[in-house]
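Have a look at model-v4.cif; it's mmCIF, C-alpha atoms:
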data_target
loop_
_atom_site.group_PDB
_atom_site.id
_atom_site.type_symbol
_atom_site.label_atom_id
_atom_site.label_comp_id
_atom_site.auth_asym_id
_atom_site.auth_seq_id
_atom_site.Cartn_x
_atom_site.Cartn_y
_atom_site.Cartn_z
ATOM 1 C CA MET N 1 23.270 1.981 105.749
ATOM 2 C CA TYR N 2 22.443 5.630 105.092
ATOM 3 C CA ARG N 3 20.105 4.701 102.229
ATOM 4 C CA ARG N 4 18.212 2.342 104.515
ATOM 5 C CA LEU N 5 18.098 4.872 107.337
ATOM 6 C CA ASP N 6 16.684 7.536 105.032
ATOM 7 C CA VAL N 7 13.829 5.269 103.943
ATOM 8 C CA VAL N 8 13.057 4.239 107.525
ATOM 9 C CA SER N 9 13.201 7.862 108.669
ATOM 10 C CA TRP N 10 10.602 9.008 106.140
ATOM 11 C CA ARG N 11 8.360 6.061 106.971
ATOM 12 C CA LEU N 12 8.538 6.986 110.650
ATOM 13 C CA GLN N 13 7.601 10.550 109.809
ATOM 14 C CA LEU N 14 4.576 9.317 107.862
ATOM 15 C CA GLN N 15 3.548 7.475 111.019
ATOM 16 C CA GLY N 16 3.546 10.754 112.932
ATOM 17 C CA LEU N 17 7.019 10.984 114.444
ATOM 18 C CA MET N 18 8.407 14.535 114.517
ATOM 19 C CA HIS N 19 12.155 13.881 114.414
ATOM 20 C CA ARG N 20 12.381 15.820 111.126
ATOM 21 C CA SER N 21 9.584 18.358 111.333
ATOM 22 C CA ALA N 22 10.438 19.389 114.897
ATOM 23 C CA THR N 23 13.589 21.131 113.689
ATOM 24 C CA ASP N 24 11.708 23.555 111.437
ATOM 25 C CA ALA N 25 9.148 24.229 114.168
ATOM 26 C CA MET N 26 11.915 25.112 116.628
ATOM 27 C CA LEU N 27 13.691 27.335 114.110
ATOM 28 C CA VAL N 28 10.453 29.218 113.356
ATOM 29 C CA ARG N 29 9.906 29.848 117.077
ATOM 30 C CA MET N 30 13.471 31.074 117.605
ATOM 31 C CA ALA N 31 13.352 33.332 114.550
ATOM 32 C CA ALA N 32 9.790 34.527 115.177
ATOM 33 C CA SER N 33 9.388 34.246 111.419
ATOM 34 C CA ARG N 34 8.276 31.680 108.875
ATOM 35 C CA ASP N 35 11.032 32.762 106.507
ATOM 36 C CA ILE N 36 13.770 30.468 107.819
ATOM 37 C CA ALA N 37 15.363 29.402 104.521
ATOM 38 C CA ALA N 38 18.746 30.953 105.378
ATOM 39 C CA LEU N 39 18.605 29.622 108.926
ATOM 40 C CA ARG N 40 17.780 26.146 107.615
ATOM 41 C CA ILE N 41 20.904 26.253 105.423
ATOM 42 C CA LEU N 42 23.044 26.923 108.498
ATOM 43 C CA ALA N 43 21.254 24.232 110.498
ATOM 44 C CA GLY N 44 21.971 21.720 107.767
ATOM 45 C CA VAL N 45 25.757 22.010 107.970
ATOM 46 C CA VAL N 46 26.378 22.001 111.725
ATOM 47 C CA VAL N 47 26.379 19.364 114.443
ATOM 48 C CA PRO N 48 26.148 19.747 118.231
ATOM 49 C CA SER N 49 29.524 19.949 119.950
ATOM 50 C CA GLY N 50 28.526 17.414 122.625
ATOM 51 C CA LEU N 51 27.042 17.470 126.105
ATOM 52 C CA GLY N 52 30.463 17.542 127.765
ATOM 53 C CA VAL N 53 31.387 20.798 126.048
ATOM 54 C CA ARG N 54 28.073 22.365 126.990
ATOM 55 C CA GLN N 55 28.461 21.250 130.593
ATOM 56 C CA GLN N 56 31.918 22.810 130.829
ATOM 57 C CA ALA N 57 30.638 26.051 129.318
ATOM 58 C CA ALA N 58 27.783 26.132 131.831
ATOM 59 C CA ILE N 59 30.157 25.598 134.734
ATOM 60 C CA LYS N 60 32.431 28.411 133.533
ATOM 61 C CA ALA N 61 29.375 30.663 133.342
ATOM 62 C CA GLY N 62 28.556 29.844 136.964
ATOM 63 C CA GLY N 63 25.730 27.372 136.393
ATOM 64 C CA ILE N 64 25.081 23.710 135.678
ATOM 65 C CA GLN N 65 23.069 21.773 133.130
ATOM 66 C CA THR N 66 19.892 20.326 134.619
ATOM 67 C CA SER N 67 16.684 18.791 133.307
ATOM 68 C CA ASP N 68 14.987 22.122 134.034
ATOM 69 C CA LEU N 69 17.075 23.901 131.398
ATOM 70 C CA PRO N 70 14.865 24.943 128.452
ATOM 71 C CA LEU N 71 15.910 23.358 125.166
ATOM 72 C CA ASN N 72 15.288 26.482 123.112
ATOM 73 C CA ARG N 73 18.674 27.139 121.533
ATOM 74 C CA PHE N 74 19.853 26.492 117.994
ATOM 75 C CA VAL N 75 22.041 23.613 119.190
ATOM 76 C CA ASP N 76 18.914 21.938 120.572
ATOM 77 C CA ALA N 77 17.216 22.066 117.174
ATOM 78 C CA VAL N 78 19.917 20.703 114.864
ATOM 79 C CA ALA N 79 20.369 17.027 114.008
ATOM 80 C CA PRO N 80 23.174 15.012 115.628
ATOM 81 C CA GLU N 81 24.641 14.330 112.180
ATOM 82 C CA SER N 82 24.734 16.529 109.072
ATOM 83 C CA GLU N 83 23.422 14.788 105.977
ATOM 84 C CA VAL N 84 24.334 17.814 103.857
ATOM 85 C CA SER N 85 27.948 17.623 105.032
ATOM 86 C CA ARG N 86 28.149 13.888 104.386
ATOM 87 C CA LEU N 87 26.908 14.274 100.814
ATOM 88 C CA PHE N 88 29.195 17.248 100.199
ATOM 89 C CA ALA N 89 32.209 15.269 101.422
ATOM 90 C CA THR N 90 31.267 12.440 99.057
ATOM 91 C CA ARG N 91 31.156 14.840 96.106
ATOM 92 C CA VAL N 92 34.506 16.373 97.013
ATOM 93 C CA ALA N 93 36.046 12.900 97.243
ATOM 94 C CA LEU N 94 34.624 11.990 93.817
ATOM 95 C CA PHE N 95 35.936 15.197 92.294
ATOM 96 C CA VAL N 96 39.435 14.847 93.738
ATOM 97 C CA THR N 97 39.798 11.133 92.929
ATOM 98 C CA SER N 98 38.667 11.822 89.358
ATOM 99 C CA LYS N 99 41.661 14.168 89.110
ATOM 100 C CA PHE N 100 39.228 17.056 88.755
ATOM 101 C CA THR N 101 37.510 15.655 85.642
ATOM 102 C CA ASP N 102 34.089 14.933 87.192
ATOM 103 C CA ALA N 103 32.189 17.955 85.854
ATOM 104 C CA ALA N 104 28.906 16.988 87.514
ATOM 105 C CA ALA N 105 30.522 16.734 90.942
ATOM 106 C CA GLU N 106 32.293 20.063 90.452
ATOM 107 C CA ALA N 107 29.060 21.800 89.453
ATOM 108 C CA GLN N 108 27.318 20.511 92.575
ATOM 109 C CA ILE N 109 30.257 21.523 94.770
ATOM 110 C CA ARG N 110 30.410 25.017 93.274
ATOM 111 C CA GLU N 111 26.669 25.515 93.682
ATOM 112 C CA GLN N 112 26.809 24.469 97.332
ATOM 113 C CA LEU N 113 29.832 26.640 98.107
ATOM 114 C CA THR N 114 28.161 29.654 96.499
ATOM 115 C CA ILE N 115 25.067 29.171 98.640
ATOM 116 C CA TRP N 116 27.215 29.013 101.784
ATOM 117 C CA ARG N 117 29.274 32.072 100.791
ATOM 118 C CA ASP N 118 26.157 34.190 100.260
ATOM 119 C CA ASN N 119 24.073 32.875 103.159
ATOM 120 C CA ALA N 120 25.584 35.077 105.895
ATOM 121 C CA GLU N 121 24.288 38.267 104.306
ATOM 122 C CA ARG N 122 20.802 36.799 103.961
ATOM 123 C CA LEU N 123 20.785 35.405 107.475
ATOM 124 C CA GLN N 124 22.188 38.350 109.452
ATOM 125 C CA PRO N 125 18.929 40.364 109.706
ATOM 126 C CA LEU N 126 17.245 37.306 111.228
ATOM 127 C CA LEU N 127 20.077 36.838 113.726
ATOM 128 C CA ASP N 128 19.988 40.510 114.690
ATOM 129 C CA GLY N 129 16.264 40.287 115.374
ATOM 130 C CA SER N 130 16.326 37.331 117.770
ATOM 131 C CA PHE N 131 18.127 37.138 121.119
ATOM 132 C CA LEU N 132 18.072 33.342 120.791
ATOM 133 C CA LEU N 133 19.928 33.468 117.468
ATOM 134 C CA LYS N 134 22.440 36.299 117.976
ATOM 135 C CA GLU N 135 25.071 33.807 119.154
ATOM 136 C CA LEU N 136 25.131 32.291 115.653
ATOM 137 C CA THR N 137 26.745 35.299 113.952
ATOM 138 C CA PRO N 138 30.325 33.910 114.111
ATOM 139 C CA VAL N 139 29.101 30.485 112.947
ATOM 140 C CA SER N 140 27.361 32.065 109.965
ATOM 141 C CA GLN N 141 30.429 34.147 109.129
ATOM 142 C CA ASN N 142 32.650 31.066 109.298
ATOM 143 C CA LEU N 143 30.369 29.239 106.871
ATOM 144 C CA ALA N 144 30.672 32.175 104.458
ATOM 145 C CA ALA N 145 34.465 32.030 104.811
ATOM 146 C CA LEU N 146 34.416 28.319 104.003
ATOM 147 C CA GLY N 147 32.342 29.021 100.922
ATOM 148 C CA THR N 148 34.743 31.726 99.786
ATOM 149 C CA GLY N 149 37.816 29.558 100.367
ATOM 150 C CA GLY N 150 36.294 26.561 98.641
ATOM 151 C CA LEU N 151 35.320 28.607 95.592
ATOM 152 C CA GLN N 152 38.819 30.048 95.351
ATOM 153 C CA ALA N 153 40.201 26.498 95.455
ATOM 154 C CA LEU N 154 37.909 25.521 92.575
ATOM 155 C CA ASN N 155 39.045 28.566 90.613
ATOM 156 C CA TYR N 156 42.675 27.536 91.062
ATOM 157 C CA ILE N 157 41.839 24.013 89.899
ATOM 158 C CA ASP N 158 39.869 25.195 86.859
ATOM 159 C CA SER N 159 42.612 27.574 85.783
ATOM 160 C CA GLY N 160 45.248 24.870 86.011
ATOM 161 C CA GLU N 161 47.161 27.103 88.401
ATOM 162 C CA ARG N 162 48.452 25.566 91.601
ATOM 163 C CA ALA N 163 47.405 27.410 94.752
ATOM 164 C CA SER N 164 50.297 28.905 96.687
ATOM 165 C CA GLU N 165 51.486 27.265 99.891
ATOM 166 C CA SER N 166 50.980 30.514 101.804
ATOM 167 C CA TRP N 167 47.343 30.751 100.705
ATOM 168 C CA LYS N 168 46.754 27.111 101.567
ATOM 169 C CA SER N 169 48.385 27.560 104.975
ATOM 170 C CA ASP N 170 46.220 30.594 105.743
ATOM 171 C CA GLN N 171 43.060 28.712 104.783
ATOM 172 C CA VAL N 172 43.994 25.607 106.778
ATOM 173 C CA ALA N 173 44.812 27.767 109.814
ATOM 174 C CA MET N 174 41.427 29.456 109.519
ATOM 175 C CA ILE N 175 39.678 26.086 109.366
ATOM 176 C CA ALA N 176 41.655 24.856 112.389
ATOM 177 C CA GLN N 177 40.182 27.721 114.413
ATOM 178 C CA MET N 178 36.723 26.525 113.464
ATOM 179 C CA LYS N 179 37.313 23.320 115.438
ATOM 180 C CA THR N 180 36.558 25.343 118.556
ATOM 181 C CA PRO N 181 32.770 25.185 119.069
ATOM 182 C CA LYS N 182 30.795 28.395 118.737
ATOM 183 C CA ALA N 183 27.252 28.536 120.072
ATOM 184 C CA ASP N 184 27.921 24.891 121.031
ATOM 185 C CA VAL N 185 27.916 23.758 117.391
ATOM 186 C CA LEU N 186 30.608 22.735 114.906
ATOM 187 C CA LEU N 187 30.663 23.254 111.148
ATOM 188 C CA ALA N 188 30.627 19.698 109.850
ATOM 189 C CA VAL N 189 31.492 20.795 106.298
ATOM 190 C CA ALA N 190 34.887 22.218 107.265
ATOM 191 C CA PRO N 191 36.943 19.005 106.734
ATOM 192 C CA ALA N 192 35.640 18.519 103.178
ATOM 193 C CA VAL N 193 36.383 22.142 102.283
ATOM 194 C CA GLN N 194 39.889 21.672 103.680
ATOM 195 C CA THR N 195 40.313 18.615 101.449
ATOM 196 C CA LEU N 196 39.416 20.728 98.427
ATOM 197 C CA ILE N 197 41.779 23.529 99.463
ATOM 198 C CA GLU N 198 44.681 21.129 99.982
ATOM 199 C CA ALA N 199 43.977 19.448 96.653
ATOM 200 C CA SER N 200 44.180 22.806 94.876
ATOM 201 C CA ALA N 201 47.716 23.305 96.187
ATOM 202 C CA ALA N 202 48.950 19.771 95.473
ATOM 203 C CA PRO N 203 51.216 19.003 92.487
ATOM 204 C CA ARG N 204 49.249 18.108 89.362
#
Take the structure in the file and write it out as structure tokens.
Amino acid sequence: MYRRLDVVSWRLQLQGLMHRSATDAMLVRMAASRDIAALRILAGVVVPSGLGVRQQAAIKAGGIQTSDLPLNRFVDAVAPESEVSRLFATRVALFVTSKFTDAAAEAQIREQLTIWRDNAERLQPLLDGSFLLKELTPVSQNLAALGTGGLQALNYIDSGERASESWKSDQVAMIAQMKTPKADVLLAVAPAVQTLIEASAAPR
């Protein structure tokens, strides 16, 4: 299904639809900069938390969601599903089911985790410079933490050493906290990173 959807999506874009290009345009406006590479990385791994969550947050803040509300936040720009997260989860599943022998999958996983670990430092100046993006700082920091935890899990696996239960518990607890939306978005990559962390502590 996803292969078919990808082909149809690109064909629709060639016909002039802006369901893909609109995201970059919105990110450029929010950042007031054309250099949105780091922001695009973050946008690729999150999904909106849902209209119900946003409505509750608005009510707590003393307002309501109406059709007059400007759709100029990061959550309004990101896709409803994360393709990056779906592909990453597939690679993690391949790596774990291969009993950690799939070198190609591991290389792709390590590359992706390294990008996520380092992205917060690259992105922070952009967040500090835009009032529309400041709310993303904890989301960006959580992505970096996921990258760090995932890389440590890979290091345990490569060394043949089993990760300690205390380390695994700390990492899983951290990921559980990420299930609470921040800036009305959720990190869709968190479950796959948790799978990798748990695998590194399992008997081998």
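Coordinates place atom CA of N:Ser140 at a distance of 5.4 Å from atom CA of N:Ala120.
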Write out as a ChimeraX atom specification which residues come within 12 Å of N:Lys99 when counting only C-alpha atoms, dropping same-chain ones fewer than 3 positions away.
/N:92-96,102-103,105-106,157-158,160,196,199-200,202-204
Just say which residues the PyMOL selection byres ((chain N and resi 118) around 12) picks in this file, as a PyMOL selection string.
chain N and resi 38+41-42+111-117+119-124+140-148+151
Using all atoms listed in the file, tabulate the residues of stretch 59-138 of chain N lying at most 7 Å from any atom of stretch 175-190 of chain N, each with its closest atom pair and that distance in Å to one decimal, by chain and increasing residue number, as a Markdown table.
| residue | atom | partner | partner_atom | distance |
| --- | --- | --- | --- | --- |
| N:Val75 | CA | N:Val185 | CA | 6.1 |
| N:Ser82 | CA | N:Ala188 | CA | 6.7 |
| N:Ser85 | CA | N:Val189 | CA | 4.9 |
| N:Glu135 | CA | N:Ala183 | CA | 5.8 |
| N:Leu136 | CA | N:Ala183 | CA | 6.2 |
Apply the PyMOL selection byres ((chain N and resi 72) around 8) to the displayed file and report the matching residues as a PDB file with C-alpha atoms, keeping the file's coordinate frame.
ATOM      1  CA  MET N  26      11.915  25.112 116.628  1.00  0.00           C
ATOM      2  CA  MET N  30      13.471  31.074 117.605  1.00  0.00           C
ATOM      3  CA  PRO N  70      14.865  24.943 128.452  1.00  0.00           C
ATOM      4  CA  LEU N  71      15.910  23.358 125.166  1.00  0.00           C
ATOM      5  CA  ARG N  73      18.674  27.139 121.533  1.00  0.00           C
ATOM      6  CA  PHE N  74      19.853  26.492 117.994  1.00  0.00           C
ATOM      7  CA  ASP N  76      18.914  21.938 120.572  1.00  0.00           C
ATOM      8  CA  ALA N  77      17.216  22.066 117.174  1.00  0.00           C
ATOM      9  CA  LEU N 132      18.072  33.342 120.791  1.00  0.00           C
TER      10      LEU N 132
END
Put a box with edges along x, y and z around all the listed atoms of stretch 189-196 of chain N, pad it by 8 Å on each side, then give me its centre and sizes in Å, one decimal, as JSON.
{"center_x": 35.9, "center_y": 20.4, "center_z": 102.8, "size_x": 24.8, "size_y": 19.7, "size_z": 24.8}
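Nearest residue to N:Ala173, choosing from N:Gln194, N:Phe88, N:Leu154, N:Thr137 and counting only C-alpha atoms: N:Gln194.
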Please, what distance in Å, to one decimal, runs between atom CA of N:Glu198 and atom CA of N:Gln152?
11.6 Å
Any idea what the distance is between atom CA of N:Leu87 and atom CA of N:Ala163?
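So the two atoms, atom CA of N:Leu87 and atom CA of N:Ala163, lie 25.1 Å apart.
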Which residue of N:Gly150, N:Thr97, N:Val45, N:Ala107 approaches N:Glu83 most closely, using all atoms listed in the file
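Checking each candidate against N:Glu83, we get N:Val45 as the closest.
Minimum atom-to-atom distances from N:Asp128, N:Ser49, N:Thr23, N:Thr101 to N:Ala79 were compared using all atoms listed in the file, and the lowest value belongs to N:Thr23.
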Could you check the closest approach to N:Gly129 for each of N:Ala32, N:Met174, N:Leu5, N:Ala37 and tell me which residue wins, using all atoms listed in the file?
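For N:Gly129, the nearest of the given residues is N:Ala32.
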Supply stretch 127-138 of chain N as a short mmCIF file (atom, residue, chain, number, x, y, z; two decimals), keeping the file's coordinate frame, with N, CA and C atoms built in where the input has gaps.
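What follows is the written file out-v5.cif:
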data_model
loop_
_atom_site.label_atom_id
_atom_site.label_comp_id
_atom_site.auth_asym_id
_atom_site.auth_seq_id
_atom_site.Cartn_x
_atom_site.Cartn_y
_atom_site.Cartn_z
N LEU N 127 19.29 37.00 112.50
CA LEU N 127 20.08 36.84 113.73
C LEU N 127 20.00 38.09 114.59
N ASP N 128 20.04 39.25 113.94
CA ASP N 128 19.99 40.51 114.69
C ASP N 128 18.64 40.70 115.37
N GLY N 129 17.61 40.08 114.84
CA GLY N 129 16.26 40.29 115.37
C GLY N 129 15.83 39.29 116.42
N SER N 130 16.71 38.35 116.79
CA SER N 130 16.33 37.33 117.77
C SER N 130 17.43 37.14 118.80
N PHE N 131 17.11 37.32 120.09
CA PHE N 131 18.13 37.14 121.12
C PHE N 131 18.56 35.68 121.22
N LEU N 132 17.72 34.76 120.76
CA LEU N 132 18.07 33.34 120.79
C LEU N 132 19.03 32.97 119.66
N LEU N 133 19.11 33.80 118.63
CA LEU N 133 19.93 33.47 117.47
C LEU N 133 21.18 34.34 117.32
N LYS N 134 21.29 35.39 118.11
CA LYS N 134 22.44 36.30 117.98
C LYS N 134 23.77 35.57 118.10
N GLU N 135 23.82 34.53 118.93
CA GLU N 135 25.07 33.81 119.15
C GLU N 135 25.58 33.10 117.91
N LEU N 136 24.76 33.01 116.87
CA LEU N 136 25.13 32.29 115.65
C LEU N 136 25.90 33.14 114.66
N THR N 137 26.07 34.43 114.92
CA THR N 137 26.74 35.30 113.95
C THR N 137 28.13 34.79 113.57
N PRO N 138 29.00 34.42 114.53
CA PRO N 138 30.32 33.91 114.11
C PRO N 138 30.24 32.59 113.36
#
